[in-house]
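Quick look at work02.csv (CSV, C-alpha atoms):
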chain,number,residue,atom,x,y,z
U,1,MET,CA,16.7,-39.8,16.3
U,2,GLY,CA,19.9,-40.9,14.6
U,3,PHE,CA,22.3,-41.2,17.5
U,4,GLY,CA,25.1,-43.7,16.9
U,5,LYS,CA,25.8,-46.9,18.7
U,6,LYS,CA,28.7,-45.4,20.6
U,7,TRP,CA,26.5,-42.6,21.9
U,8,HIS,CA,23.9,-45.2,23.0
U,9,LEU,CA,26.6,-47.1,24.9
U,10,TRP,CA,27.8,-43.9,26.6
U,11,MET,CA,24.3,-43.1,27.8
U,12,MET,CA,23.7,-46.6,29.0
U,13,ASP,CA,27.0,-46.6,30.9
U,14,CYS,CA,26.1,-43.3,32.5
U,15,LEU,CA,22.7,-44.6,33.5
U,16,GLN,CA,23.8,-48.1,34.7
U,17,SER,CA,26.9,-47.1,36.6
U,18,ASN,CA,25.0,-45.2,39.3
U,19,HIS,CA,25.6,-46.1,42.9
U,20,THR,CA,23.6,-44.5,45.7
U,21,SER,CA,23.3,-44.5,49.5
U,22,ILE,CA,20.5,-43.3,51.7
U,23,LEU,CA,20.9,-41.1,54.8
U,24,ILE,CA,19.1,-42.6,57.8
U,25,ASN,CA,19.2,-40.4,60.9
U,26,GLY,CA,22.1,-38.5,59.3
U,27,ASN,CA,24.2,-41.6,58.6
U,28,PRO,CA,24.7,-43.0,55.1
U,29,THR,CA,23.9,-46.6,54.4
U,30,ASP,CA,26.2,-48.8,52.3
U,31,GLU,CA,26.1,-47.9,48.6
U,32,PHE,CA,23.9,-49.9,46.3
U,33,LYS,CA,23.5,-50.0,42.5
U,34,THR,CA,20.5,-48.3,41.0
U,35,LEU,CA,19.2,-50.4,38.2
U,36,LYS,CA,17.1,-47.9,36.1
U,37,GLY,CA,16.0,-44.4,35.7
U,38,VAL,CA,17.7,-41.1,36.4
U,39,ARG,CA,18.4,-39.7,39.9
U,40,GLN,CA,16.9,-36.4,40.8
U,41,GLY,CA,19.6,-33.7,40.2
U,42,ASP,CA,21.5,-35.9,37.7
U,43,PRO,CA,23.2,-33.6,35.2
U,44,LEU,CA,22.0,-35.9,32.3
U,45,SER,CA,18.4,-35.5,33.3
U,46,PRO,CA,17.6,-32.2,31.5
U,47,PHE,CA,19.3,-33.5,28.3
U,48,LEU,CA,17.5,-36.8,28.3
U,49,PHE,CA,14.2,-35.0,29.1
U,50,ILE,CA,14.7,-32.7,26.0
U,51,ILE,CA,15.3,-35.8,23.9
U,52,ALA,CA,12.1,-37.4,25.2
U,53,MET,CA,10.1,-34.3,24.6
U,54,GLU,CA,11.4,-34.1,21.1
U,55,ARG,CA,9.6,-37.4,20.5
U,56,LEU,CA,6.4,-35.9,21.9
U,57,SER,CA,6.9,-32.9,19.7
U,58,VAL,CA,7.2,-35.1,16.6
U,59,GLU,CA,4.0,-37.0,17.6
U,60,MET,CA,2.0,-33.9,18.2
U,61,GLU,CA,3.0,-32.5,14.8
U,62,ALA,CA,2.1,-35.7,13.1
U,63,THR,CA,-1.3,-36.0,14.8
U,64,CYS,CA,-2.1,-32.4,13.9
U,65,LYS,CA,-1.2,-33.0,10.3
U,66,ALA,CA,-3.4,-36.1,10.2
U,67,GLY,CA,-6.3,-34.2,11.8
U,68,VAL,CA,-6.3,-36.3,15.0
U,69,ILE,CA,-5.7,-33.2,17.1
U,70,GLN,CA,-7.1,-29.8,16.2
U,71,GLY,CA,-4.6,-27.1,17.2
U,72,LEU,CA,-5.2,-23.4,17.1
U,73,GLN,CA,-4.4,-21.5,13.9
U,74,LEU,CA,-3.0,-18.0,14.6
U,75,GLN,CA,-4.4,-15.1,12.6
U,76,HIS,CA,-2.8,-13.5,9.6
U,77,GLY,CA,-1.2,-16.7,8.3
U,78,GLY,CA,0.5,-17.5,11.6
U,79,PRO,CA,1.5,-21.0,12.6
U,80,LEU,CA,-0.8,-23.8,13.8
U,81,ILE,CA,-0.1,-24.3,17.6
U,82,SER,CA,-1.0,-27.5,19.4
U,83,TYR,CA,1.6,-27.4,22.2
U,84,LEU,CA,4.3,-25.2,23.9
U,85,LEU,CA,7.3,-26.6,25.6
U,86,TYR,CA,9.4,-24.7,28.1
U,87,ALA,CA,11.9,-26.5,30.5
U,88,ASN,CA,9.8,-29.2,32.1
U,89,ASP,CA,6.4,-27.5,31.4
U,90,THR,CA,4.2,-28.5,28.6
U,91,LEU,CA,1.1,-26.5,27.6
U,92,PHE,CA,-1.3,-28.2,25.1
U,93,VAL,CA,-3.5,-25.8,23.1
U,94,GLY,CA,-6.3,-26.7,20.8
U,95,GLU,CA,-9.9,-26.6,19.8
U,96,TRP,CA,-12.3,-27.3,22.7
U,97,SER,CA,-13.9,-30.6,21.8
U,98,LYS,CA,-14.6,-34.0,23.3
U,99,ASN,CA,-12.7,-35.6,20.4
U,100,ASN,CA,-9.6,-33.4,20.9
U,101,ILE,CA,-9.4,-34.1,24.7
U,102,LYS,CA,-9.9,-37.8,24.2
U,103,ASN,CA,-7.2,-38.0,21.5
U,104,LEU,CA,-4.8,-35.9,23.6
U,105,SER,CA,-5.3,-38.3,26.5
U,106,ARG,CA,-4.6,-41.3,24.2
U,107,ILE,CA,-1.4,-39.6,22.9
U,108,LEU,CA,-0.2,-38.9,26.4
U,109,SER,CA,-0.9,-42.5,27.4
U,110,CYS,CA,1.2,-43.8,24.4
U,111,PHE,CA,3.9,-41.3,25.3
U,112,GLN,CA,4.0,-42.5,28.9
U,113,ALA,CA,4.3,-46.2,27.7
U,114,ALA,CA,7.0,-45.4,25.1
U,115,SER,CA,9.1,-43.0,27.2
U,116,GLY,CA,8.7,-44.2,30.8
U,117,LEU,CA,7.9,-40.6,31.7
U,118,LYS,CA,4.7,-40.3,33.7
U,119,VAL,CA,2.4,-37.4,33.2
U,120,ASN,CA,1.4,-36.1,36.7
U,121,PHE,CA,-2.3,-35.4,36.0
U,122,ASN,CA,-2.7,-34.4,39.7
U,123,LYS,CA,-0.5,-31.3,39.0
U,124,SER,CA,-2.2,-30.7,35.6
U,125,ASN,CA,-5.1,-28.5,34.7
U,126,VAL,CA,-7.6,-28.3,31.9
U,127,PHE,CA,-8.9,-24.9,30.8
U,128,GLY,CA,-11.7,-24.4,28.4
U,129,PHE,CA,-12.0,-20.7,27.6
U,130,GLY,CA,-15.5,-19.8,26.6
U,131,SER,CA,-16.9,-23.1,28.0
U,132,SER,CA,-19.0,-23.6,31.1
U,133,ILE,CA,-17.2,-24.3,34.4
U,134,GLN,CA,-19.3,-27.4,34.8
U,135,GLU,CA,-18.1,-28.8,31.4
U,136,VAL,CA,-14.5,-28.0,32.1
U,137,THR,CA,-14.7,-29.5,35.6
U,138,ARG,CA,-16.2,-32.7,34.2
U,139,TRP,CA,-13.4,-33.1,31.7
U,140,SER,CA,-10.8,-32.3,34.4
U,141,HIS,CA,-12.1,-35.1,36.6
U,142,LEU,CA,-12.3,-37.5,33.6
U,143,LEU,CA,-8.6,-36.9,32.9
U,144,GLY,CA,-7.7,-37.0,36.6
U,145,CYS,CA,-6.7,-33.3,36.6
U,146,GLU,CA,-7.3,-30.6,39.1
U,147,PRO,CA,-10.4,-28.4,38.4
U,148,PRO,CA,-9.4,-25.1,36.8
U,149,MET,CA,-8.9,-21.9,38.7
U,150,LEU,CA,-8.6,-18.6,36.9
U,151,PRO,CA,-6.4,-16.7,36.8
U,152,PHE,CA,-3.4,-19.0,37.0
U,153,THR,CA,0.2,-18.2,36.6
U,154,TYR,CA,2.3,-19.8,33.8
U,155,LEU,CA,6.0,-19.0,33.6
U,156,GLY,CA,5.4,-16.1,36.0
U,157,VAL,CA,2.7,-14.4,33.9
U,158,PRO,CA,-1.0,-14.4,35.0
U,159,VAL,CA,-3.2,-16.1,32.4
U,160,GLY,CA,-6.9,-15.3,32.4
U,161,ALA,CA,-6.5,-12.1,34.4
U,162,LYS,CA,-7.6,-8.7,33.2
U,163,MET,CA,-4.2,-7.5,32.2
U,164,LYS,CA,-5.5,-3.9,31.8
U,165,LEU,CA,-5.4,-3.7,35.6
U,166,THR,CA,-2.2,-2.5,37.2
U,167,LYS,CA,-2.5,-5.0,40.1
U,168,HIS,CA,-1.9,-7.9,37.7
U,169,TRP,CA,1.4,-6.4,36.4
U,170,THR,CA,2.7,-5.4,39.8
U,171,PRO,CA,4.3,-8.8,40.7
U,172,ILE,CA,5.9,-9.0,37.3
U,173,THR,CA,7.4,-5.6,37.4
U,174,GLU,CA,8.5,-6.1,41.0
U,175,ARG,CA,10.3,-9.3,40.0
U,176,PHE,CA,11.9,-7.6,37.1
U,177,LYS,CA,13.1,-4.7,39.2
U,178,LYS,CA,14.5,-7.2,41.8
U,179,ASN,CA,16.3,-9.3,39.2
U,180,SER,CA,17.7,-6.2,37.4
U,181,GLN,CA,19.0,-4.9,40.8
U,182,LEU,CA,20.6,-8.2,41.6
U,183,GLY,CA,22.2,-8.2,38.1
U,184,ASN,CA,23.6,-4.6,38.8
U,185,GLN,CA,24.9,-5.6,42.2
U,186,ARG,CA,26.7,-8.6,40.7
U,187,HIS,CA,28.1,-6.4,38.0
U,188,CYS,CA,29.3,-3.8,40.5
U,189,ARG,CA,31.0,-6.5,42.6
U,190,LEU,CA,32.8,-7.8,39.7
U,191,VAL,CA,34.0,-4.3,38.7
U,192,ASP,CA,35.0,-3.4,42.3
U,193,ASP,CA,37.1,-6.6,42.7
What would you get if you wrote out this structure as structure tokens?
Amino acid sequence: MGFGKKWHLWMMDCLQSNHTSILINGNPTDEFKTLKGVRQGDPLSPFLFIIAMERLSVEMEATCKAGVIQGLQLQHGGPLISYLLYANDTLFVGEWSKNNIKNLSRILSCFQAASGLKVNFNKSNVFGFGSSIQEVTRWSHLLGCEPPMLPFTYLGVPVGAKMKLTKHWTPITERFKKNSQLGNQRHCRLVDD
């Protein structure tokens, strides 16, 4: 990605200078050196994750361009979408076909091997809108994913629910009201001080 040698050395120093201890019955053990990987909660972790996901992004765009993955073309000249990234969530979108699913599985396997990041298929789902539940379940099991359940929530929004019904909007509006009230309270406290 064009990072200089100095930057590489900084990152390696940050990753290789870690020392850790473990709490056993509330008492810390002697510190020991961690040899690889990033600790949970490490401030570098989100940054390094974004860099790794950039590589996945490049691969997905290349495979779509080459016709290996069939994304979804948005109407009225909109963009071709094959994936969406948000924080540590990835949503793959594409034509429902055996070829697409197999190729996506291959791409994820290559990504795992290259990046060291492991896709947790146990926490992943496969959804085939307009496909039979039996077919979707078969593909889910083949990939090692959980069988689909609709509706599901993605980034706090129900997907696959009848959004014309008020009951599906209630949790969203309640969360919005709660967060806006917290924001007002914080603002009031700052003004009062």
Selected residue, from U:Pro171, U:Gly2, U:Pro28, U:Pro79, that lies nearest to Val157 (chain U) when counting all atoms listed in the file: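 Ranked by minimum distance to Val157 (chain U), first place goes to U:Pro171.
The space separating CA of Lys162 (chain U) from CA of Ser180 (chain U) comes to 25.8 Å.
Distance-wise, CA of Ala66 (chain U) and CA of Leu85 (chain U) end up 21.0 Å apart.
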Distance of CA of Thr90 (chain U) from CA of Ser57 (chain U), expressed in Å to one decimal place: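 Going from CA of Ser57 (chain U) over to CA of Thr90 (chain U) covers 10.3 Å.
With only C-alpha atoms as the atoms that count, the residue of U:Lys177, U:Gln134, U:Lys33, U:His76 with the shortest distance to Ser21 (chain U) is U:Lys33.
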Do a neighbour search on Asp30 (chain U) at 10 Å with all atoms listed in the file, toss out local chain neighbours closer than 2 positions, and write the hits as a PDB file with C-alpha atoms, keeping the file's coordinate frame.
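Printed below is out-v1.pdb as written:
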ATOM      1  CA  HIS U  19      25.600 -46.100  42.900  1.00  0.00           C
ATOM      2  CA  THR U  20      23.600 -44.500  45.700  1.00  0.00           C
ATOM      3  CA  SER U  21      23.300 -44.500  49.500  1.00  0.00           C
ATOM      4  CA  ILE U  22      20.500 -43.300  51.700  1.00  0.00           C
ATOM      5  CA  LEU U  23      20.900 -41.100  54.800  1.00  0.00           C
ATOM      6  CA  ASN U  27      24.200 -41.600  58.600  1.00  0.00           C
ATOM      7  CA  PRO U  28      24.700 -43.000  55.100  1.00  0.00           C
ATOM      8  CA  PHE U  32      23.900 -49.900  46.300  1.00  0.00           C
TER       9      PHE U  32
END
Among listed residues U:Ile69, U:Ala52, U:Phe47, U:Gln181, nearest Val93 (chain U) (using all atoms listed in the file):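 Of U:Ile69, U:Ala52, U:Phe47, U:Gln181, the one nearest Val93 (chain U), counting all atoms listed in the file, is U:Ile69.
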Within 8 Å of (4.0, -31.2, 34.5), in the coordinates the file gives, what residues turn up when you count only C-alpha atoms, written out as an mmCIF file with C-alpha atoms, in the frame of the given file?
data_model
loop_
_atom_site.group_PDB
_atom_site.id
_atom_site.type_symbol
_atom_site.label_atom_id
_atom_site.label_comp_id
_atom_site.auth_asym_id
_atom_site.auth_seq_id
_atom_site.Cartn_x
_atom_site.Cartn_y
_atom_site.Cartn_z
ATOM 1 C CA ASN U 88 9.800 -29.200 32.100
ATOM 2 C CA ASP U 89 6.400 -27.500 31.400
ATOM 3 C CA THR U 90 4.200 -28.500 28.600
ATOM 4 C CA VAL U 119 2.400 -37.400 33.200
ATOM 5 C CA ASN U 120 1.400 -36.100 36.700
ATOM 6 C CA PHE U 121 -2.300 -35.400 36.000
ATOM 7 C CA LYS U 123 -0.500 -31.300 39.000
ATOM 8 C CA SER U 124 -2.200 -30.700 35.600
#
Given all atoms listed in the file as the counted atoms, nearest of U:Gly116, U:Ser17, U:Thr29, U:Lys5 to Leu48 (chain U):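 Looking only at the distances to Leu48 (chain U), the closest residue turns out to be U:Gly116.
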